[in-house]
>>> print(open('model_30.txt').read())   # compact mmCIF, C-alpha atoms and all ligand atoms
# COMPACT_ATOMS: atom_id res chain seq x y z
CA MET S 902 -9.08 -12.53 -21.72
CA HIS S 903 -11.57 -13.78 -24.28
CA ALA S 904 -10.37 -15.83 -27.24
CA VAL S 905 -12.61 -13.96 -29.69
CA ARG S 906 -10.85 -10.63 -29.24
CA ARG S 907 -7.23 -10.06 -30.25
CA PRO S 908 -5.37 -8.42 -27.36
CA PHE S 909 -4.17 -4.82 -27.68
CA VAL S 910 -1.26 -3.40 -25.68
CA GLY S 911 -0.27 0.24 -26.07
CA GLY S 912 2.78 2.06 -24.73
CA ASN S 913 2.04 5.69 -23.92
CA TRP S 914 5.43 7.39 -23.75
CA LYS S 915 3.90 10.74 -22.74
CA MET S 916 6.34 13.71 -22.70
CA ASN S 917 9.41 11.63 -21.91
CA GLY S 918 12.79 11.07 -23.47
CA ASP S 919 14.55 12.64 -26.42
CA LEU S 920 14.97 11.76 -30.07
CA ALA S 921 17.81 9.32 -29.46
CA SER S 922 16.00 7.48 -26.65
CA ALA S 923 12.77 7.32 -28.69
CA VAL S 924 14.61 5.62 -31.55
CA GLU S 925 16.40 3.26 -29.18
CA LEU S 926 13.16 2.30 -27.42
CA ALA S 927 11.33 1.74 -30.73
CA ASP S 928 14.25 -0.35 -31.99
CA ASP S 929 14.46 -2.46 -28.85
CA VAL S 930 10.72 -3.04 -28.56
CA CYS S 931 10.21 -4.12 -32.13
CA ALA S 932 13.34 -6.30 -32.18
CA ALA S 933 12.32 -8.15 -28.99
CA LEU S 934 8.66 -8.55 -29.96
CA GLY S 935 9.65 -9.66 -33.46
CA ALA S 936 12.16 -12.23 -32.16
CA GLU S 937 9.43 -13.89 -30.07
CA GLY S 938 6.70 -13.41 -32.68
CA ILE S 939 4.57 -11.56 -30.13
CA ASP S 940 3.69 -8.75 -32.53
CA ARG S 941 2.14 -11.31 -34.84
CA THR S 942 -0.06 -12.73 -32.06
CA ILE S 943 -1.38 -9.54 -30.49
CA ASP S 944 -1.73 -5.89 -31.50
CA VAL S 945 0.97 -3.67 -30.03
CA ALA S 946 1.17 0.10 -30.44
CA VAL S 947 3.57 2.76 -29.20
CA TYR S 948 2.73 6.44 -28.75
CA PRO S 949 5.88 8.60 -28.87
CA PRO S 950 5.78 12.39 -28.44
CA PHE S 951 4.71 14.23 -31.63
CA PRO S 952 8.15 15.51 -32.70
CA TYR S 953 9.59 11.99 -32.63
CA LEU S 954 6.77 10.22 -34.46
CA PHE S 955 8.27 10.14 -37.92
CA THR S 956 11.72 9.00 -36.81
CA ALA S 957 10.34 6.47 -34.32
CA GLY S 958 8.10 5.17 -37.11
CA ARG S 959 11.17 4.62 -39.28
CA ALA S 960 12.79 2.70 -36.45
CA LEU S 961 9.71 0.45 -36.27
CA GLY S 962 10.27 -0.20 -39.97
CA HIS S 963 8.21 -3.07 -41.29
CA SER S 964 7.47 -4.56 -37.89
CA ASN S 965 3.85 -5.09 -36.91
CA VAL S 966 4.12 -2.60 -34.04
CA LEU S 967 1.69 0.25 -34.70
CA LEU S 968 2.78 3.86 -34.45
CA GLY S 969 0.33 6.18 -32.72
CA GLY S 970 -0.21 9.77 -31.62
CA GLN S 971 -1.01 10.69 -28.01
CA ASP S 972 -3.79 13.04 -29.11
CA CYS S 973 -5.25 14.70 -32.19
CA SER S 974 -7.18 17.86 -32.92
CA ALA S 975 -10.96 18.14 -33.15
CA GLU S 976 -10.36 20.20 -36.30
CA VAL S 977 -9.46 19.03 -39.79
CA GLY S 978 -6.94 21.80 -40.43
CA GLY S 979 -6.37 25.56 -40.50
CA ALA S 980 -5.54 28.26 -37.99
CA PHE S 981 -5.14 26.10 -34.89
CA THR S 982 -1.73 26.89 -33.50
CA GLY S 983 0.01 23.98 -31.88
CA GLN S 984 -2.55 21.37 -32.84
CA VAL S 985 -2.04 18.21 -34.89
CA SER S 986 -4.82 16.79 -37.04
CA ALA S 987 -5.77 13.13 -37.42
CA GLY S 988 -4.83 13.42 -41.11
CA MET S 989 -1.34 14.63 -40.20
CA LEU S 990 -0.92 11.61 -37.94
CA THR S 991 -1.78 9.20 -40.75
CA ASP S 992 0.51 11.18 -43.06
CA VAL S 993 3.53 10.40 -40.86
CA GLY S 994 2.61 6.74 -40.60
CA CYS S 995 0.39 6.60 -37.53
CA ARG S 996 -2.29 3.96 -37.41
CA SER S 997 -3.60 4.71 -33.94
CA VAL S 998 -4.29 7.61 -31.60
CA VAL S 999 -5.07 8.02 -27.90
CA ILE S 1000 -8.05 10.25 -27.14
CA GLY S 1001 -9.40 11.39 -23.80
CA HIS S 1002 -6.42 10.48 -21.63
CA SER S 1003 -7.05 11.71 -18.10
CA GLU S 1004 -4.00 13.98 -18.32
CA ARG S 1005 -5.96 15.82 -21.04
CA ARG S 1006 -9.50 15.41 -19.64
CA HIS S 1007 -8.50 16.60 -16.20
CA GLY S 1008 -5.15 18.29 -16.75
CA LEU S 1009 -6.24 20.30 -19.80
CA HIS S 1010 -10.01 20.31 -19.12
CA GLU S 1011 -10.95 18.63 -22.38
CA GLY S 1012 -14.72 18.18 -22.32
CA HIS S 1013 -17.19 15.67 -23.73
CA ALA S 1014 -18.06 17.59 -26.92
CA LEU S 1015 -14.42 18.15 -27.85
CA LEU S 1016 -13.49 14.53 -27.22
CA HIS S 1017 -16.44 13.29 -29.24
CA GLU S 1018 -15.32 15.40 -32.20
CA LYS S 1019 -11.75 14.11 -31.88
CA LEU S 1020 -12.98 10.53 -31.80
CA HIS S 1021 -15.19 11.17 -34.80
CA LEU S 1022 -12.43 12.71 -36.94
CA ALA S 1023 -9.86 10.10 -35.91
CA CYS S 1024 -12.23 7.30 -36.92
CA GLU S 1025 -12.90 9.07 -40.24
CA SER S 1026 -9.14 9.10 -40.83
CA GLY S 1027 -8.99 5.34 -40.34
CA LEU S 1028 -7.04 5.50 -37.08
CA THR S 1029 -7.56 2.90 -34.39
CA VAL S 1030 -8.70 5.09 -31.51
CA VAL S 1031 -7.82 4.22 -27.95
CA TYR S 1032 -10.57 6.10 -26.11
CA CYS S 1033 -9.73 6.56 -22.43
CA VAL S 1034 -12.33 6.70 -19.68
CA GLY S 1035 -12.08 6.48 -15.91
CA GLU S 1036 -13.25 7.89 -12.63
CA THR S 1037 -11.31 9.92 -10.06
CA ALA S 1038 -10.67 8.67 -6.52
CA ASP S 1039 -13.41 10.97 -5.15
CA GLU S 1040 -15.92 9.72 -7.71
CA ARG S 1041 -15.14 6.11 -6.79
CA ARG S 1042 -15.45 6.90 -3.07
CA ARG S 1043 -18.87 8.43 -3.71
CA GLY S 1044 -19.96 5.28 -5.58
CA GLU S 1045 -20.15 7.13 -8.89
CA ALA S 1046 -17.54 5.20 -10.88
CA ASP S 1047 -20.00 3.37 -13.14
CA THR S 1048 -22.05 6.50 -13.83
CA VAL S 1049 -19.01 8.62 -14.65
CA VAL S 1050 -17.53 6.04 -17.00
CA ALA S 1051 -20.89 5.43 -18.68
CA HIS S 1052 -21.26 9.17 -19.22
CA GLN S 1053 -17.82 9.39 -20.82
CA ILE S 1054 -18.63 6.52 -23.15
CA ARG S 1055 -22.08 7.79 -24.14
CA HIS S 1056 -20.67 11.21 -24.99
CA GLY S 1057 -17.56 9.90 -26.71
CA PHE S 1058 -19.41 7.55 -29.04
CA GLY S 1059 -22.40 9.89 -29.37
CA THR S 1060 -24.61 8.81 -32.25
CA LEU S 1061 -21.77 7.51 -34.41
CA PRO S 1062 -22.86 4.36 -36.24
CA ALA S 1063 -21.38 0.97 -35.36
CA ASP S 1064 -19.38 0.66 -38.59
CA ARG S 1065 -17.58 3.97 -37.85
CA VAL S 1066 -16.57 3.04 -34.32
CA ALA S 1067 -16.00 -0.68 -34.81
CA ARG S 1068 -12.24 -0.31 -34.32
CA VAL S 1069 -12.36 1.90 -31.24
CA VAL S 1070 -10.54 0.35 -28.29
CA VAL S 1071 -11.91 1.54 -24.94
CA ALA S 1072 -9.22 2.02 -22.26
CA TYR S 1073 -10.56 1.91 -18.71
CA GLU S 1074 -8.05 3.96 -16.77
CA PRO S 1075 -9.11 4.88 -13.24
CA VAL S 1076 -7.48 8.26 -12.65
CA TRP S 1077 -6.32 7.24 -9.17
CA ALA S 1078 -4.35 4.34 -10.68
CA ILE S 1079 -2.44 6.29 -13.34
CA GLY S 1080 1.20 6.74 -12.44
CA THR S 1081 0.53 6.05 -8.75
CA GLY S 1082 1.76 2.47 -8.41
CA VAL S 1083 -1.73 1.55 -7.15
CA ASN S 1084 -3.48 -0.57 -9.78
CA ALA S 1085 -7.13 -1.58 -9.73
CA THR S 1086 -7.50 -5.13 -8.49
CA PRO S 1087 -8.12 -7.62 -11.31
CA GLU S 1088 -11.65 -8.11 -9.89
CA ASP S 1089 -12.42 -4.37 -9.85
CA ALA S 1090 -11.06 -4.01 -13.39
CA GLN S 1091 -13.17 -6.98 -14.53
CA ALA S 1092 -16.32 -5.53 -12.94
CA MET S 1093 -15.89 -2.20 -14.72
CA HIS S 1094 -14.98 -3.84 -18.04
CA ALA S 1095 -18.07 -6.03 -17.86
CA SER S 1096 -20.21 -3.00 -17.19
CA ILE S 1097 -18.62 -1.10 -20.12
CA ARG S 1098 -19.28 -4.09 -22.38
CA GLY S 1099 -22.88 -4.16 -21.22
CA LEU S 1100 -23.24 -0.47 -22.03
CA LEU S 1101 -21.76 -0.95 -25.52
CA GLY S 1102 -24.30 -3.73 -26.01
CA SER S 1103 -27.14 -1.37 -25.20
CA LEU S 1104 -25.72 1.47 -27.32
CA TYR S 1105 -25.11 -0.83 -30.30
CA ASP S 1106 -25.84 -4.55 -30.09
CA SER S 1107 -24.53 -7.70 -28.45
CA ARG S 1108 -22.32 -8.60 -31.42
CA PHE S 1109 -20.67 -5.18 -31.31
CA ALA S 1110 -20.13 -5.52 -27.57
CA ALA S 1111 -18.68 -9.02 -27.86
CA GLN S 1112 -16.13 -7.83 -30.41
CA ALA S 1113 -15.18 -4.53 -28.74
CA ARG S 1114 -11.77 -4.47 -27.11
CA ILE S 1115 -11.67 -2.98 -23.63
CA ILE S 1116 -8.20 -2.58 -22.17
CA TYR S 1117 -7.07 -1.60 -18.68
CA GLY S 1118 -4.58 1.14 -17.80
CA GLY S 1119 -3.19 2.29 -14.47
CA SER S 1120 0.08 1.13 -12.92
CA VAL S 1121 0.32 -2.05 -14.97
CA ASN S 1122 3.77 -3.59 -14.70
CA ALA S 1123 5.54 -6.80 -15.63
CA LYS S 1124 4.46 -8.40 -12.33
CA ASN S 1125 0.76 -7.57 -12.15
CA ALA S 1126 -0.06 -7.68 -15.88
CA ARG S 1127 -0.93 -11.35 -16.17
CA ALA S 1128 -3.48 -11.41 -13.34
CA ILE S 1129 -5.25 -8.40 -14.86
CA PHE S 1130 -5.12 -9.78 -18.41
CA ASP S 1131 -6.51 -13.12 -17.23
CA GLN S 1132 -9.87 -11.46 -16.53
CA PRO S 1133 -12.45 -12.44 -19.16
CA ASP S 1134 -13.38 -8.88 -20.15
CA VAL S 1135 -9.87 -7.41 -20.09
CA ASP S 1136 -8.39 -7.40 -23.59
CA GLY S 1137 -4.98 -5.90 -22.93
CA GLY S 1138 -3.57 -2.71 -21.46
CA LEU S 1139 -2.52 0.89 -21.93
CA ILE S 1140 0.85 1.23 -20.28
CA GLY S 1141 2.51 4.46 -19.17
CA GLY S 1142 5.62 4.28 -16.98
CA ALA S 1143 6.43 0.65 -17.70
CA SER S 1144 6.37 1.28 -21.47
CA LEU S 1145 9.53 3.39 -21.20
CA LYS S 1146 11.68 0.34 -20.49
CA ALA S 1147 11.76 -2.09 -23.41
CA ASP S 1148 12.19 -5.18 -21.20
CA ASP S 1149 9.20 -4.29 -19.00
CA PHE S 1150 6.98 -3.39 -21.92
CA VAL S 1151 7.88 -6.57 -23.79
CA ALA S 1152 7.18 -8.63 -20.64
CA ILE S 1153 3.71 -7.01 -20.44
CA CYS S 1154 3.07 -7.78 -24.12
CA ARG S 1155 4.22 -11.36 -23.51
CA ALA S 1156 1.78 -11.63 -20.58
CA ALA S 1157 -1.05 -10.52 -22.88
CA ALA S 1158 -0.06 -13.06 -25.53
CA GLU S 1159 0.13 -15.83 -22.92
CA ALA S 1160 -3.16 -14.88 -21.30
CA TRP S 1161 -4.78 -15.00 -24.72
CA SER S 1162 -3.32 -18.36 -25.65
CA GLY S 1163 -4.30 -19.75 -22.26
CA ALA S 1164 -0.70 -20.53 -21.28
CA PRO S 1165 -0.37 -21.25 -17.54
CA GLY S 1166 0.15 -18.08 -15.46
CA HIS S 1167 3.04 -17.39 -13.12
C1 LIG D 1201 -1.31 5.98 -18.67
O1 LIG D 1201 -0.82 7.08 -18.56
O2 LIG D 1201 -2.11 5.72 -19.58
C2 LIG D 1201 -0.94 4.98 -17.69
C3 LIG D 1201 -1.65 3.90 -17.59
O3 LIG D 1201 0.16 5.26 -16.91
P1 LIG D 1201 0.87 4.27 -15.85
O4 LIG D 1201 0.99 2.93 -16.52
O5 LIG D 1201 2.20 4.89 -15.59
O6 LIG D 1201 0.00 4.23 -14.66
>>> encode(input="model_30.txt", output="structure tokens")
Amino acid sequence: MHAVRRPFVGGNWKMNGDLASAVELADDVCAALGAEGIDRTIDVAVYPPFPYLFTAGRALGHSNVLLGGQDCSAEVGGAFTGQVSAGMLTDVGCRSVVIGHSERRHGLHEGHALLHEKLHLACESGLTVVYCVGETADERRRGEADTVVAHQIRHGFGTLPADRVARVVVAYEPVWAIGTGVNATPEDAQAMHASIRGLLGSLYDSRFAAQARIIYGGSVNAKNARAIFDQPDVDGGLIGGASLKADDFVAICRAAAEAWSGAPGH
């Protein structure tokens, strides 16, 4: 983890839990992070299901933990049944949004043009976008991982100027590692992160690339987090399953804070 970039750890709760458990999880996470001061050292965000956003946001209260949506619409408003706009997210207190998660790219067939428009509108609304990219197992086997990820990044950022996308956090999430218990090795994650940073340098400039946060997602847990976060181009993580247990999520956030401060690993 590089000292110049403040770590970012996000908890993607997906379609899990109920209102009571969302409030309890938000309460527990912000109390534990606050007690250790971790949320003042690194950026932490949680992404509850849409119906629980407002109440979970209240539970976060004045803590530094950011509230975020798991997706937003590529439209500003109007006759779009079931969709939620970036503006609506900010209206209920969100400061971040996940875009392009593989469960939407692959599960719901969201394409490049749609995701670019979502990223564009979310940035316009002032949200910190976590833009997910990653190859499937077949693509990696065929040696196409770099090309696929580069393609996703080129299309997602499009021709948006650097000042509009300066706060975008890229999440490298190999599809084969999400929810499988098989994480990328720290070395494989580092190699892809370095190549993403190189691409951002060529799309924008070296300063932009040096400041861009690139986080890893895919079966991160309290045990493997530190080795992954110790890689120089890994700036934190997007956490699915392990974000549903406050103790595990807080341990992962602690690992990011320690990796950043250079504290000895375990
Ligand atoms: C995710 O869904 O973004 C994710 C990384 O999930 P998990 O941590 O469960 O692999």
>>> atom_distance(input="model_30.txt", atom1="CA of Gly1001 in chain S", atom2="CA of His1013 in chain S")
8.9 Å
>>> closest_residue(input="model_30.txt", among="S:Leu934, S:Ile1079, S:Met1093, S:Leu1104", to="Ala1147 in chain S", atoms="only C-alpha atoms")
S:Leu934
>>> closest_atom_pairs(input="model_30.txt", of="chain S", to="ligand LIG 1201 (chain D)", cutoff="7 Å", atoms="all atoms listed in the file", output="CSV")
residue,atom,partner,partner_atom,distance
S:Asn913,CA,D:LIG1201,O2,6.0
S:His1002,CA,D:LIG1201,O2,6.7
S:Glu1074,CA,D:LIG1201,C3,6.5
S:Ala1078,CA,D:LIG1201,O6,5.9
S:Ile1079,CA,D:LIG1201,O6,3.5
S:Gly1080,CA,D:LIG1201,O6,3.6
S:Thr1081,CA,D:LIG1201,O6,6.2
S:Gly1082,CA,D:LIG1201,O6,6.7
S:Gly1118,CA,D:LIG1201,C3,4.0
S:Gly1119,CA,D:LIG1201,O6,3.7
S:Ser1120,CA,D:LIG1201,O6,3.6
S:Val1121,CA,D:LIG1201,O4,5.3
S:Leu1139,CA,D:LIG1201,C3,5.4
S:Ile1140,CA,D:LIG1201,O4,4.1
S:Gly1141,CA,D:LIG1201,O3,3.4
S:Gly1142,CA,D:LIG1201,O5,3.7
S:Ala1143,CA,D:LIG1201,O4,6.0
>>> atom_distance(input="model_30.txt", atom1="CA of Leu961 in chain S", atom2="CA of Tyr1032 in chain S")
23.4 Å
>>> residues_around(input="model_30.txt", residues="Pro1062 in chain S", least_positions_apart="4", cutoff="10 Å", atoms="only C-alpha atoms", output="list of chain:residue names")
S:Phe1058, S:Val1066, S:Ala1067, S:Leu1104, S:Tyr1105
>>> residues_around(input="model_30.txt", residues="Tyr953 in chain S", least_positions_apart="4", cutoff="12 Å", atoms="all atoms listed in the file", output="list in words")
Trp914, Lys915, Met916, Asn917, Gly918, Asp919, Leu920, Ala921, Ser922, Ala923, Val924, Glu925, Leu926, Ala927, Val947, Tyr948, Pro949, Ala957, Gly958, Arg959, Ala960, Leu968, Gly969, Gly970, Gln971, Leu990, Val993, Gly994 and Cys995 of chain S
>>> build_atoms(input="model_30.txt", residues="range 1061-1085 of chain S", atoms="N, CA, C and O atoms", output="PDB file, in the coordinates of the input")
ATOM      1  N   LEU S1061     -22.541   8.070 -33.295  1.00  0.00           N
ATOM      2  CA  LEU S1061     -21.770   7.510 -34.410  1.00  0.00           C
ATOM      3  C   LEU S1061     -22.213   6.066 -34.669  1.00  0.00           C
ATOM      4  O   LEU S1061     -22.378   5.294 -33.729  1.00  0.00           O
ATOM      5  N   PRO S1062     -22.386   5.713 -35.945  1.00  0.00           N
ATOM      6  CA  PRO S1062     -22.860   4.360 -36.240  1.00  0.00           C
ATOM      7  C   PRO S1062     -21.798   3.293 -35.967  1.00  0.00           C
ATOM      8  O   PRO S1062     -20.601   3.582 -35.957  1.00  0.00           O
ATOM      9  N   ALA S1063     -22.266   2.073 -35.761  1.00  0.00           N
ATOM     10  CA  ALA S1063     -21.380   0.970 -35.360  1.00  0.00           C
ATOM     11  C   ALA S1063     -20.221   0.786 -36.338  1.00  0.00           C
ATOM     12  O   ALA S1063     -19.088   0.541 -35.918  1.00  0.00           O
ATOM     13  N   ASP S1064     -20.477   0.928 -37.644  1.00  0.00           N
ATOM     14  CA  ASP S1064     -19.380   0.660 -38.590  1.00  0.00           C
ATOM     15  C   ASP S1064     -18.274   1.709 -38.487  1.00  0.00           C
ATOM     16  O   ASP S1064     -17.133   1.440 -38.814  1.00  0.00           O
ATOM     17  N   ARG S1065     -18.603   2.922 -38.009  1.00  0.00           N
ATOM     18  CA  ARG S1065     -17.580   3.970 -37.850  1.00  0.00           C
ATOM     19  C   ARG S1065     -16.710   3.747 -36.619  1.00  0.00           C
ATOM     20  O   ARG S1065     -15.552   4.126 -36.586  1.00  0.00           O
ATOM     21  N   VAL S1066     -17.292   3.152 -35.600  1.00  0.00           N
ATOM     22  CA  VAL S1066     -16.570   3.040 -34.320  1.00  0.00           C
ATOM     23  C   VAL S1066     -16.142   1.599 -34.021  1.00  0.00           C
ATOM     24  O   VAL S1066     -15.690   1.299 -32.918  1.00  0.00           O
ATOM     25  N   ALA S1067     -16.263   0.744 -35.033  1.00  0.00           N
ATOM     26  CA  ALA S1067     -16.000  -0.680 -34.810  1.00  0.00           C
ATOM     27  C   ALA S1067     -14.576  -0.931 -34.306  1.00  0.00           C
ATOM     28  O   ALA S1067     -14.327  -1.887 -33.574  1.00  0.00           O
ATOM     29  N   ARG S1068     -13.635  -0.055 -34.704  1.00  0.00           N
ATOM     30  CA  ARG S1068     -12.240  -0.310 -34.320  1.00  0.00           C
ATOM     31  C   ARG S1068     -11.810   0.459 -33.071  1.00  0.00           C
ATOM     32  O   ARG S1068     -10.637   0.410 -32.676  1.00  0.00           O
ATOM     33  N   VAL S1069     -12.738   1.156 -32.451  1.00  0.00           N
ATOM     34  CA  VAL S1069     -12.360   1.900 -31.240  1.00  0.00           C
ATOM     35  C   VAL S1069     -12.045   0.903 -30.109  1.00  0.00           C
ATOM     36  O   VAL S1069     -12.788  -0.050 -29.875  1.00  0.00           O
ATOM     37  N   VAL S1070     -10.915   1.140 -29.463  1.00  0.00           N
ATOM     38  CA  VAL S1070     -10.540   0.350 -28.290  1.00  0.00           C
ATOM     39  C   VAL S1070     -10.825   1.238 -27.077  1.00  0.00           C
ATOM     40  O   VAL S1070     -10.353   2.377 -27.013  1.00  0.00           O
ATOM     41  N   VAL S1071     -11.630   0.752 -26.146  1.00  0.00           N
ATOM     42  CA  VAL S1071     -11.910   1.540 -24.940  1.00  0.00           C
ATOM     43  C   VAL S1071     -10.842   1.209 -23.894  1.00  0.00           C
ATOM     44  O   VAL S1071     -10.574   0.031 -23.629  1.00  0.00           O
ATOM     45  N   ALA S1072     -10.207   2.245 -23.342  1.00  0.00           N
ATOM     46  CA  ALA S1072      -9.220   2.020 -22.260  1.00  0.00           C
ATOM     47  C   ALA S1072      -9.829   2.483 -20.955  1.00  0.00           C
ATOM     48  O   ALA S1072     -10.079   3.682 -20.776  1.00  0.00           O
ATOM     49  N   TYR S1073     -10.092   1.529 -20.048  1.00  0.00           N
ATOM     50  CA  TYR S1073     -10.560   1.910 -18.710  1.00  0.00           C
ATOM     51  C   TYR S1073      -9.335   2.235 -17.872  1.00  0.00           C
ATOM     52  O   TYR S1073      -8.520   1.354 -17.571  1.00  0.00           O
ATOM     53  N   GLU S1074      -9.205   3.503 -17.541  1.00  0.00           N
ATOM     54  CA  GLU S1074      -8.050   3.960 -16.770  1.00  0.00           C
ATOM     55  C   GLU S1074      -8.524   4.769 -15.566  1.00  0.00           C
ATOM     56  O   GLU S1074      -8.728   5.990 -15.682  1.00  0.00           O
ATOM     57  N   PRO S1075      -8.723   4.103 -14.426  1.00  0.00           N
ATOM     58  CA  PRO S1075      -9.110   4.880 -13.240  1.00  0.00           C
ATOM     59  C   PRO S1075      -8.033   5.918 -12.950  1.00  0.00           C
ATOM     60  O   PRO S1075      -6.846   5.581 -12.904  1.00  0.00           O
ATOM     61  N   VAL S1076      -8.454   7.164 -12.776  1.00  0.00           N
ATOM     62  CA  VAL S1076      -7.480   8.260 -12.650  1.00  0.00           C
ATOM     63  C   VAL S1076      -6.547   8.028 -11.457  1.00  0.00           C
ATOM     64  O   VAL S1076      -5.348   8.315 -11.521  1.00  0.00           O
ATOM     65  N   TRP S1077      -7.096   7.469 -10.379  1.00  0.00           N
ATOM     66  CA  TRP S1077      -6.320   7.240  -9.170  1.00  0.00           C
ATOM     67  C   TRP S1077      -5.252   6.156  -9.357  1.00  0.00           C
ATOM     68  O   TRP S1077      -4.377   5.989  -8.498  1.00  0.00           O
ATOM     69  N   ALA S1078      -5.325   5.415 -10.453  1.00  0.00           N
ATOM     70  CA  ALA S1078      -4.350   4.340 -10.680  1.00  0.00           C
ATOM     71  C   ALA S1078      -3.242   4.756 -11.643  1.00  0.00           C
ATOM     72  O   ALA S1078      -2.243   4.050 -11.782  1.00  0.00           O
ATOM     73  N   ILE S1079      -3.413   5.909 -12.305  1.00  0.00           N
ATOM     74  CA  ILE S1079      -2.440   6.290 -13.340  1.00  0.00           C
ATOM     75  C   ILE S1079      -1.199   6.907 -12.700  1.00  0.00           C
ATOM     76  O   ILE S1079      -1.275   7.929 -12.020  1.00  0.00           O
ATOM     77  N   GLY S1080      -0.079   6.234 -12.904  1.00  0.00           N
ATOM     78  CA  GLY S1080       1.200   6.740 -12.440  1.00  0.00           C
ATOM     79  C   GLY S1080       1.365   6.734 -10.933  1.00  0.00           C
ATOM     80  O   GLY S1080       2.275   7.365 -10.398  1.00  0.00           O
ATOM     81  N   THR S1081       0.491   6.024 -10.217  1.00  0.00           N
ATOM     82  CA  THR S1081       0.530   6.050  -8.750  1.00  0.00           C
ATOM     83  C   THR S1081       1.168   4.795  -8.157  1.00  0.00           C
ATOM     84  O   THR S1081       1.480   4.776  -6.965  1.00  0.00           O
ATOM     85  N   GLY S1082       1.280   3.744  -8.952  1.00  0.00           N
ATOM     86  CA  GLY S1082       1.760   2.470  -8.410  1.00  0.00           C
ATOM     87  C   GLY S1082       0.635   1.682  -7.735  1.00  0.00           C
ATOM     88  O   GLY S1082       0.858   0.595  -7.223  1.00  0.00           O
ATOM     89  N   VAL S1083      -0.575   2.250  -7.738  1.00  0.00           N
ATOM     90  CA  VAL S1083      -1.730   1.550  -7.150  1.00  0.00           C
ATOM     91  C   VAL S1083      -2.663   1.146  -8.289  1.00  0.00           C
ATOM     92  O   VAL S1083      -3.409   1.974  -8.811  1.00  0.00           O
ATOM     93  N   ASN S1084      -2.612  -0.115  -8.673  1.00  0.00           N
ATOM     94  CA  ASN S1084      -3.480  -0.570  -9.780  1.00  0.00           C
ATOM     95  C   ASN S1084      -4.834  -1.011  -9.235  1.00  0.00           C
ATOM     96  O   ASN S1084      -4.955  -1.367  -8.061  1.00  0.00           O
ATOM     97  N   ALA S1085      -5.839  -0.982 -10.112  1.00  0.00           N
ATOM     98  CA  ALA S1085      -7.130  -1.580  -9.730  1.00  0.00           C
ATOM     99  C   ALA S1085      -6.896  -3.063  -9.531  1.00  0.00           C
ATOM    100  O   ALA S1085      -6.041  -3.650 -10.199  1.00  0.00           O
TER     101      ALA S1085
END
